[in-house]
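So this one's coords-v4.cif, mmCIF, C-alpha atoms:
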```cif
data_run
loop_
_atom_site.group_PDB
_atom_site.id
_atom_site.type_symbol
_atom_site.label_atom_id
_atom_site.label_comp_id
_atom_site.auth_asym_id
_atom_site.auth_seq_id
_atom_site.Cartn_x
_atom_site.Cartn_y
_atom_site.Cartn_z
ATOM 1 C CA ALA A 282 113.922 85.785 162.754
ATOM 2 C CA THR A 283 111.953 84.194 159.927
ATOM 3 C CA CYS A 284 108.409 84.313 158.632
ATOM 4 C CA GLY A 285 106.580 83.129 155.530
ATOM 5 C CA THR A 286 105.183 86.625 154.879
ATOM 6 C CA ILE A 287 106.579 90.120 155.323
ATOM 7 C CA GLY A 288 103.861 91.167 157.768
ATOM 8 C CA GLY A 289 103.335 87.894 159.619
ATOM 9 C CA ASN A 290 104.452 86.626 162.977
ATOM 10 C CA TYR A 291 108.215 86.141 163.080
ATOM 11 C CA THR A 292 109.988 83.303 164.850
ATOM 12 C CA PHE A 293 113.350 84.011 166.446
ATOM 13 C CA GLN A 294 116.010 81.692 165.036
ATOM 14 C CA ASN A 295 119.436 82.823 166.214
ATOM 15 C CA HIS A 296 121.821 85.700 166.788
ATOM 16 C CA PHE A 297 125.555 85.715 166.219
ATOM 17 C CA ARG A 298 128.649 87.772 165.547
ATOM 18 C CA PRO A 299 129.842 87.155 161.985
ATOM 19 C CA MET A 300 132.980 85.014 162.231
ATOM 20 C CA GLY A 301 133.024 85.966 165.937
ATOM 21 C CA ILE A 302 133.693 89.633 165.054
ATOM 22 C CA ASP A 303 131.723 92.469 166.626
ATOM 23 C CA SER A 304 129.567 94.129 164.011
ATOM 24 C CA ARG A 305 127.203 97.075 163.763
ATOM 25 C CA ASP A 306 125.666 99.461 161.241
ATOM 26 C CA MET A 307 124.648 96.674 158.892
ATOM 27 C CA ASN A 308 123.163 96.377 155.446
ATOM 28 C CA VAL A 309 122.770 93.539 152.956
ATOM 29 C CA TYR A 310 123.546 93.282 149.267
ATOM 30 C CA GLN A 311 122.369 90.627 146.809
ATOM 31 C CA ASP A 312 124.634 90.179 143.794
ATOM 32 C CA THR A 313 123.373 89.433 140.296
ATOM 33 C CA ASP A 314 124.024 85.696 140.795
ATOM 34 C CA GLY A 315 121.702 85.662 143.838
ATOM 35 C CA THR A 316 124.470 85.405 146.431
ATOM 36 C CA ALA A 317 123.816 87.656 149.420
ATOM 37 C CA TYR A 318 126.360 89.573 151.468
ATOM 38 C CA LEU A 319 126.329 91.299 154.830
ATOM 39 C CA LEU A 320 127.990 94.727 154.847
ATOM 40 C CA CYS A 321 128.908 95.988 158.302
ATOM 41 C CA THR A 322 131.188 98.088 160.405
ATOM 42 C CA THR A 323 133.459 95.914 162.519
ATOM 43 C CA LEU A 324 136.026 96.105 165.286
ATOM 44 C CA GLY A 325 134.603 99.170 167.037
ATOM 45 C CA ASN A 326 134.055 101.231 163.869
ATOM 46 C CA GLN A 327 137.710 100.758 162.880
ATOM 47 C CA ASN A 328 136.997 98.444 159.948
ATOM 48 C CA VAL A 329 134.315 97.517 157.462
ATOM 49 C CA SER A 330 133.631 93.985 156.294
ATOM 50 C CA ILE A 331 131.810 92.120 153.567
ATOM 51 C CA PHE A 332 130.619 88.679 154.653
ATOM 52 C CA GLN A 333 129.109 86.148 152.260
ATOM 53 C CA LEU A 334 125.847 84.743 153.587
ATOM 54 C CA ASP A 335 124.722 81.133 153.193
ATOM 55 C CA PRO A 336 121.939 80.295 150.692
ATOM 56 C CA THR A 337 119.289 80.739 153.413
ATOM 57 C CA TYR A 338 120.727 84.199 154.269
ATOM 58 C CA THR A 339 120.782 83.226 157.966
ATOM 59 C CA SER A 340 124.490 82.659 158.642
ATOM 60 C CA VAL A 341 127.903 83.721 157.404
ATOM 61 C CA VAL A 342 130.007 81.536 155.079
ATOM 62 C CA SER A 343 133.160 83.665 154.928
ATOM 63 C CA GLU A 344 134.607 87.142 155.207
ATOM 64 C CA VAL A 345 135.132 88.286 151.615
ATOM 65 C CA PHE A 346 136.787 91.637 152.380
ATOM 66 C CA ARG A 347 137.948 93.782 155.306
ATOM 67 C CA GLY A 348 138.854 97.446 154.956
ATOM 68 C CA ALA A 349 140.484 99.640 157.578
ATOM 69 C CA ALA A 350 139.809 103.148 158.856
ATOM 70 C CA SER A 351 143.444 103.953 158.036
ATOM 71 C CA ASN A 352 142.422 103.622 154.363
ATOM 72 C CA GLY A 353 139.276 105.737 154.789
ATOM 73 C CA MET A 354 137.054 102.674 155.104
ATOM 74 C CA SER A 355 135.194 103.261 158.346
ATOM 75 C CA CYS A 356 131.559 104.184 158.306
ATOM 76 C CA GLU A 357 128.139 104.024 159.878
ATOM 77 C CA GLY A 358 125.905 103.739 156.818
ATOM 78 C CA HIS A 359 126.423 101.425 153.839
ATOM 79 C CA ALA A 360 124.880 100.864 150.450
ATOM 80 C CA MET A 361 126.144 98.865 147.506
ATOM 81 C CA ILE A 362 125.250 98.846 143.835
ATOM 82 C CA LYS A 363 126.699 97.090 140.807
ATOM 83 C CA THR A 364 126.622 98.578 137.339
ATOM 84 C CA GLY A 365 128.894 98.843 134.313
ATOM 85 C CA GLY A 366 131.248 96.148 135.624
ATOM 86 C CA TYR A 367 131.872 97.964 138.916
ATOM 87 C CA TYR A 368 130.687 97.527 142.468
ATOM 88 C CA PHE A 369 130.138 100.846 144.234
ATOM 89 C CA TRP A 370 130.207 100.901 148.043
ATOM 90 C CA ILE A 371 128.694 104.110 149.403
ATOM 91 C CA MET A 372 129.589 105.013 152.987
ATOM 92 C CA SER A 373 128.807 107.714 155.513
ATOM 93 C CA LEU A 374 131.450 108.866 157.943
ATOM 94 C CA CYS A 375 131.358 107.922 161.629
ATOM 95 C CA SER A 376 129.548 111.007 162.907
ATOM 96 C CA GLY A 377 126.718 109.562 164.971
ATOM 97 C CA TRP A 378 123.415 111.147 164.007
ATOM 98 C CA ASN A 379 125.152 114.131 162.365
ATOM 99 C CA PHE A 380 125.212 114.624 158.601
ATOM 100 C CA ASN A 381 128.428 114.338 156.634
ATOM 101 C CA ASP A 382 129.704 114.214 153.073
ATOM 102 C CA ASN A 383 129.143 110.578 152.071
ATOM 103 C CA HIS A 384 131.854 109.007 149.943
ATOM 104 C CA TYR A 385 132.349 105.857 147.890
ATOM 105 C CA PHE A 386 134.776 103.173 146.867
ATOM 106 C CA TYR A 387 134.658 101.083 143.689
ATOM 107 C CA ALA A 388 136.000 97.686 142.624
ATOM 108 C CA THR A 389 135.489 95.033 139.966
ATOM 109 C CA SER A 390 135.307 92.312 142.654
ATOM 110 C CA LEU A 391 133.748 92.285 146.117
ATOM 111 C CA ALA A 392 137.084 90.952 147.380
ATOM 112 C CA GLY A 393 138.745 94.150 146.112
ATOM 113 C CA PRO A 394 140.984 95.885 145.663
ATOM 114 C CA TRP A 395 138.710 98.845 146.477
ATOM 115 C CA THR A 396 139.648 102.290 145.185
ATOM 116 C CA ALA A 397 138.555 105.522 146.867
ATOM 117 C CA GLY A 398 136.280 107.475 144.531
ATOM 118 C CA GLY A 399 135.743 110.555 146.684
ATOM 119 C CA ASN A 400 132.589 112.266 147.842
ATOM 120 C CA ILE A 401 129.278 111.568 146.103
ATOM 121 C CA VAL A 402 128.219 115.193 146.725
ATOM 122 C CA PRO A 403 129.876 118.616 146.670
ATOM 123 C CA THR A 404 132.156 119.062 149.694
ATOM 124 C CA GLY A 405 130.334 120.682 152.589
ATOM 125 C CA SER A 406 126.818 119.810 151.385
ATOM 126 C CA HIS A 407 126.566 117.088 154.068
ATOM 127 C CA THR A 408 124.869 114.812 151.532
ATOM 128 C CA TYR A 409 121.876 117.151 151.596
ATOM 129 C CA GLU A 410 121.496 116.636 155.353
ATOM 130 C CA SER A 411 121.424 112.844 155.167
ATOM 131 C CA GLN A 412 123.415 109.664 155.693
ATOM 132 C CA VAL A 413 123.235 106.739 153.285
ATOM 133 C CA GLY A 414 120.778 104.055 154.341
ATOM 134 C CA TRP A 415 120.576 101.977 151.165
ATOM 135 C CA ALA A 416 120.254 102.169 147.377
ATOM 136 C CA LEU A 417 117.101 101.128 145.547
ATOM 137 C CA PRO A 418 117.500 99.647 142.035
ATOM 138 C CA VAL A 419 114.712 100.700 139.669
ATOM 139 C CA THR A 420 114.762 98.554 136.532
ATOM 140 C CA GLY A 421 113.223 100.170 133.475
ATOM 141 C CA SER A 422 112.786 98.945 129.919
ATOM 142 C CA SER A 423 116.218 100.174 128.791
ATOM 143 C CA GLN A 424 118.316 100.579 131.952
ATOM 144 C CA THR A 425 118.472 100.308 135.715
ATOM 145 C CA THR A 426 118.626 103.473 137.770
ATOM 146 C CA PHE A 427 119.764 103.465 141.390
ATOM 147 C CA VAL A 428 118.058 105.690 143.923
ATOM 148 C CA TYR A 429 120.032 106.906 146.925
ATOM 149 C CA MET A 430 117.979 106.451 150.099
ATOM 150 C CA GLY A 431 119.430 108.636 152.835
ATOM 151 C CA ASP A 432 118.333 108.977 156.432
ATOM 152 C CA ARG A 433 117.649 112.589 157.429
ATOM 153 C CA TRP A 434 117.656 112.022 161.181
ATOM 154 C CA SER A 435 115.622 114.192 163.517
ATOM 155 C CA VAL A 436 117.468 113.425 166.735
ATOM 156 C CA SER A 437 115.174 115.488 168.946
ATOM 157 C CA ASN A 438 112.110 113.690 167.563
ATOM 158 C CA PHE A 439 112.767 110.450 165.656
ATOM 159 C CA SER A 440 109.098 110.225 164.654
ATOM 160 C CA ILE A 441 109.653 113.031 162.135
ATOM 161 C CA THR A 442 112.807 111.533 160.600
ATOM 162 C CA ARG A 443 112.605 111.614 156.785
ATOM 163 C CA MET A 444 114.297 110.040 153.770
ATOM 164 C CA VAL A 445 116.235 111.848 151.052
ATOM 165 C CA MET A 446 115.634 110.006 147.779
ATOM 166 C CA LEU A 447 117.672 111.033 144.739
ATOM 167 C CA PRO A 448 118.887 109.238 141.602
ATOM 168 C CA LEU A 449 122.568 108.352 141.577
ATOM 169 C CA GLN A 450 124.554 109.233 138.448
ATOM 170 C CA VAL A 451 127.107 106.668 137.324
ATOM 171 C CA SER A 452 129.678 107.184 134.582
ATOM 172 C CA GLY A 453 132.399 104.546 134.367
ATOM 173 C CA ALA A 454 133.940 104.412 137.851
ATOM 174 C CA SER A 455 132.482 107.794 138.826
ATOM 175 C CA LEU A 456 129.475 108.066 141.139
ATOM 176 C CA LYS A 457 127.693 111.356 141.906
ATOM 177 C CA LEU A 458 124.541 112.405 143.709
ATOM 178 C CA PRO A 459 123.247 115.707 142.317
ATOM 179 C CA TRP A 460 120.498 117.649 144.075
ATOM 180 C CA TYR A 461 117.105 117.914 142.360
#
```

This entry written out as structure tokens:
Amino acid sequence: ATCGTIGGNYTFQNHFRPMGIDSRDMNVYQDTDGTAYLLCTTLGNQNVSIFQLDPTYTSVVSEVFRGAASNGMSCEGHAMIKTGGYYFWIMSLCSGWNFNDNHYFYATSLAGPWTAGGNIVPTGSHTYESQVGWALPVTGSSQTTFVYMGDRWSVSNFSITRMVMLPLQVSGASLKLPWY
């Protein structure tokens, strides 16, 4: 659906499966060159994929990467950031509405290879009762900070669902989410 303004009346354009593949639990990422990508869980939560979008961001050009659950790459929530020469792909486990210890992978190219980086939080903290929804870049005068935006679902009453917002700490290929 498209519209000239964020709050205007949208016009339905199309729906599709990227490259004919079932997809769910989606997010988007725009790289520093302006190219946009669709991040999604594919093949019944058994894989994750990165699809390059066309310049209008309304259709898929190609599948850039596919990761498999057998390599720890299955998830329900996605977020991606790029800093210090690395892409960081933050993922929540496939646990429905339940919290889990979110983890990440890192690479120097969206096409991979992707390396498992481990949990972004202390084991058992359940990512402070949240699942990754997205990451917000905040550009300051001397650096860009990335804010983790996690869904804290209230399954019995979705109207009181909240967000957990915390700054991510990046050092080389290491990504952590400390509690403040």

Residues picked by the PyMOL selection byres ((chain A and resi 396) around 12) here, as an mmCIF file with C-alpha atoms, in the coordinates of the input?
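And here's out24.cif as it stands now:
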```
data_model
loop_
_atom_site.group_PDB
_atom_site.id
_atom_site.type_symbol
_atom_site.label_atom_id
_atom_site.label_comp_id
_atom_site.auth_asym_id
_atom_site.auth_seq_id
_atom_site.Cartn_x
_atom_site.Cartn_y
_atom_site.Cartn_z
ATOM 1 C CA GLY A 348 138.854 97.446 154.956
ATOM 2 C CA ASN A 352 142.422 103.622 154.363
ATOM 3 C CA GLY A 353 139.276 105.737 154.789
ATOM 4 C CA MET A 354 137.054 102.674 155.104
ATOM 5 C CA TYR A 367 131.872 97.964 138.916
ATOM 6 C CA TYR A 368 130.687 97.527 142.468
ATOM 7 C CA PHE A 369 130.138 100.846 144.234
ATOM 8 C CA TRP A 370 130.207 100.901 148.043
ATOM 9 C CA ILE A 371 128.694 104.110 149.403
ATOM 10 C CA HIS A 384 131.854 109.007 149.943
ATOM 11 C CA TYR A 385 132.349 105.857 147.890
ATOM 12 C CA PHE A 386 134.776 103.173 146.867
ATOM 13 C CA TYR A 387 134.658 101.083 143.689
ATOM 14 C CA ALA A 388 136.000 97.686 142.624
ATOM 15 C CA THR A 389 135.489 95.033 139.966
ATOM 16 C CA SER A 390 135.307 92.312 142.654
ATOM 17 C CA LEU A 391 133.748 92.285 146.117
ATOM 18 C CA ALA A 392 137.084 90.952 147.380
ATOM 19 C CA GLY A 393 138.745 94.150 146.112
ATOM 20 C CA PRO A 394 140.984 95.885 145.663
ATOM 21 C CA TRP A 395 138.710 98.845 146.477
ATOM 22 C CA ALA A 397 138.555 105.522 146.867
ATOM 23 C CA GLY A 398 136.280 107.475 144.531
ATOM 24 C CA GLY A 399 135.743 110.555 146.684
ATOM 25 C CA ALA A 454 133.940 104.412 137.851
ATOM 26 C CA SER A 455 132.482 107.794 138.826
#
```

| Taking into account only C-alpha atoms, which residue in the set A:Ser435, A:Val428, A:Gly405, A:Gln333 is nearest to A:Asp312? |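 Looking only at the distances to A:Asp312, the closest residue turns out to be A:Gln333.
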
| field | atom CA of A:Arg433 to atom CA of A:Asn383, straight-line distance in Å | value |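 These two atoms are separated by 12.8 Å.
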
| query | Could you work out how far atom CA of A:Ser440 lies from atom CA of A:Met361, giving the answer in Å with one decimal? | reply |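 Calculated distance between atom CA of A:Met361 and atom CA of A:Ser440 is 26.7 Å.
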
| message | On this structure, the PyMOL selection byres ((chain A and resi 346) around 6) would catch which residues? List them as a list in words, sorted by chain and number. | response |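 When the PyMOL selection byres ((chain A and resi 346) around 6) is applied, the selected residues are Ser330, Ile331, Glu344, Val345, Arg347 and Ala392 of chain A.
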
Which polymer residues have any atom within 9 Å of an atom of A:Asn295, counting all atoms listed in the file, with same-chain residues fewer than 2 positions away left out, as a PDB file with C-alpha atoms, keeping the file's coordinate frame?
```pdb
ATOM      1  CA  ALA A 282     113.922  85.785 162.754  1.00  0.00           C
ATOM      2  CA  PHE A 293     113.350  84.011 166.446  1.00  0.00           C
ATOM      3  CA  PHE A 297     125.555  85.715 166.219  1.00  0.00           C
ATOM      4  CA  THR A 339     120.782  83.226 157.966  1.00  0.00           C
TER       5      THR A 339
END
```

| field | Long-range neighbours of A:Pro448 as number ranges by chain, 10 Å cut-off, all atoms listed in the file, 2 positions minimum in chain | value | A: 416-419, 426-430, 446, 450-451, 457-461

| query | Expressed in Å to a single decimal, how great is the separation between atom CA of A:Ala317 and atom CA of A:Asp335? | reply | 7.6 Å

Distance table requested - stretch 361-426 of chain A against stretch 302-306 of chain A, cut-off 12 Å, all atoms listed in the file: one row per qualifying residue with the closest atom pair and its distance in Å to one decimal, ordered by chain and rising residue number, as a Markdown table.
```
| residue | atom | partner | partner_atom | distance |
| --- | --- | --- | --- | --- |
| A:Met372 | CA | A:Asp306 | CA | 10.7 |
| A:Ser373 | CA | A:Asp306 | CA | 10.5 |
| A:Leu374 | CA | A:Asp306 | CA | 11.5 |
| A:Cys375 | CA | A:Asp306 | CA | 10.2 |
| A:Gly377 | CA | A:Asp306 | CA | 10.8 |
| A:Gln412 | CA | A:Asp306 | CA | 11.8 |
| A:Val413 | CA | A:Asp306 | CA | 11.1 |
| A:Gly414 | CA | A:Asp306 | CA | 9.6 |
| A:Trp415 | CA | A:Asp306 | CA | 11.6 |
```

| query | A:Ile362, A:Phe380, A:Ile401, A:Tyr409: which is nearest A:Thr313, counting all atoms listed in the file? | reply | A:Ile362

| field | Neighbour list for A:Asn328 as a PyMOL selection string, cut-off 6 Å, only C-alpha atoms, skip fewer than 4 positions in-chain | value | chain A and resi 322-324+348-350+355

| said: Given all atoms listed in the file as the basis, pick out the residue of A:Gln311, A:Pro403, A:Thr364, A:Leu319 nearest to A:Arg298. | reply: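 Of all the options, A:Leu319 lies closest to A:Arg298.
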
| request: Tell me which protein, DNA and RNA residues are within 8 Å of A:Asn308, counting all atoms listed in the file, leaving out same-chain ones fewer than 3 positions away, and put them as a count of residues only. | output: 7

Enclose all atoms of stretch 364-378 of chain A listed in the file in an axis-aligned box, grow every side by 5 Å, and hand back centre and edge lengths in Å to one decimal, as AutoDock Vina command-line options.
```
--center_x 127.6 --center_y 103.6 --center_z 149.6 --size_x 18.5 --size_y 25.0 --size_z 40.7
```

| request: Considering all atoms listed in the file, state which residue in the set A:Ser452, A:Ser343, A:Thr337, A:Ser423 is at the smallest distance from A:Pro299. | output: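 Closest to A:Pro299 of all the choices is A:Ser343.
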
| query | For A:Gly431, which of A:Leu449, A:Glu410, A:Asp382, A:Asn400 is the closest residue, counting all atoms listed in the file? | reply | A:Glu410

| task | Tell me which of A:Leu447, A:Val341, A:Cys284, A:Leu334 sits closest to A:Thr408, counting all atoms listed in the file. | result |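 For A:Thr408, the nearest of the given residues is A:Leu447.
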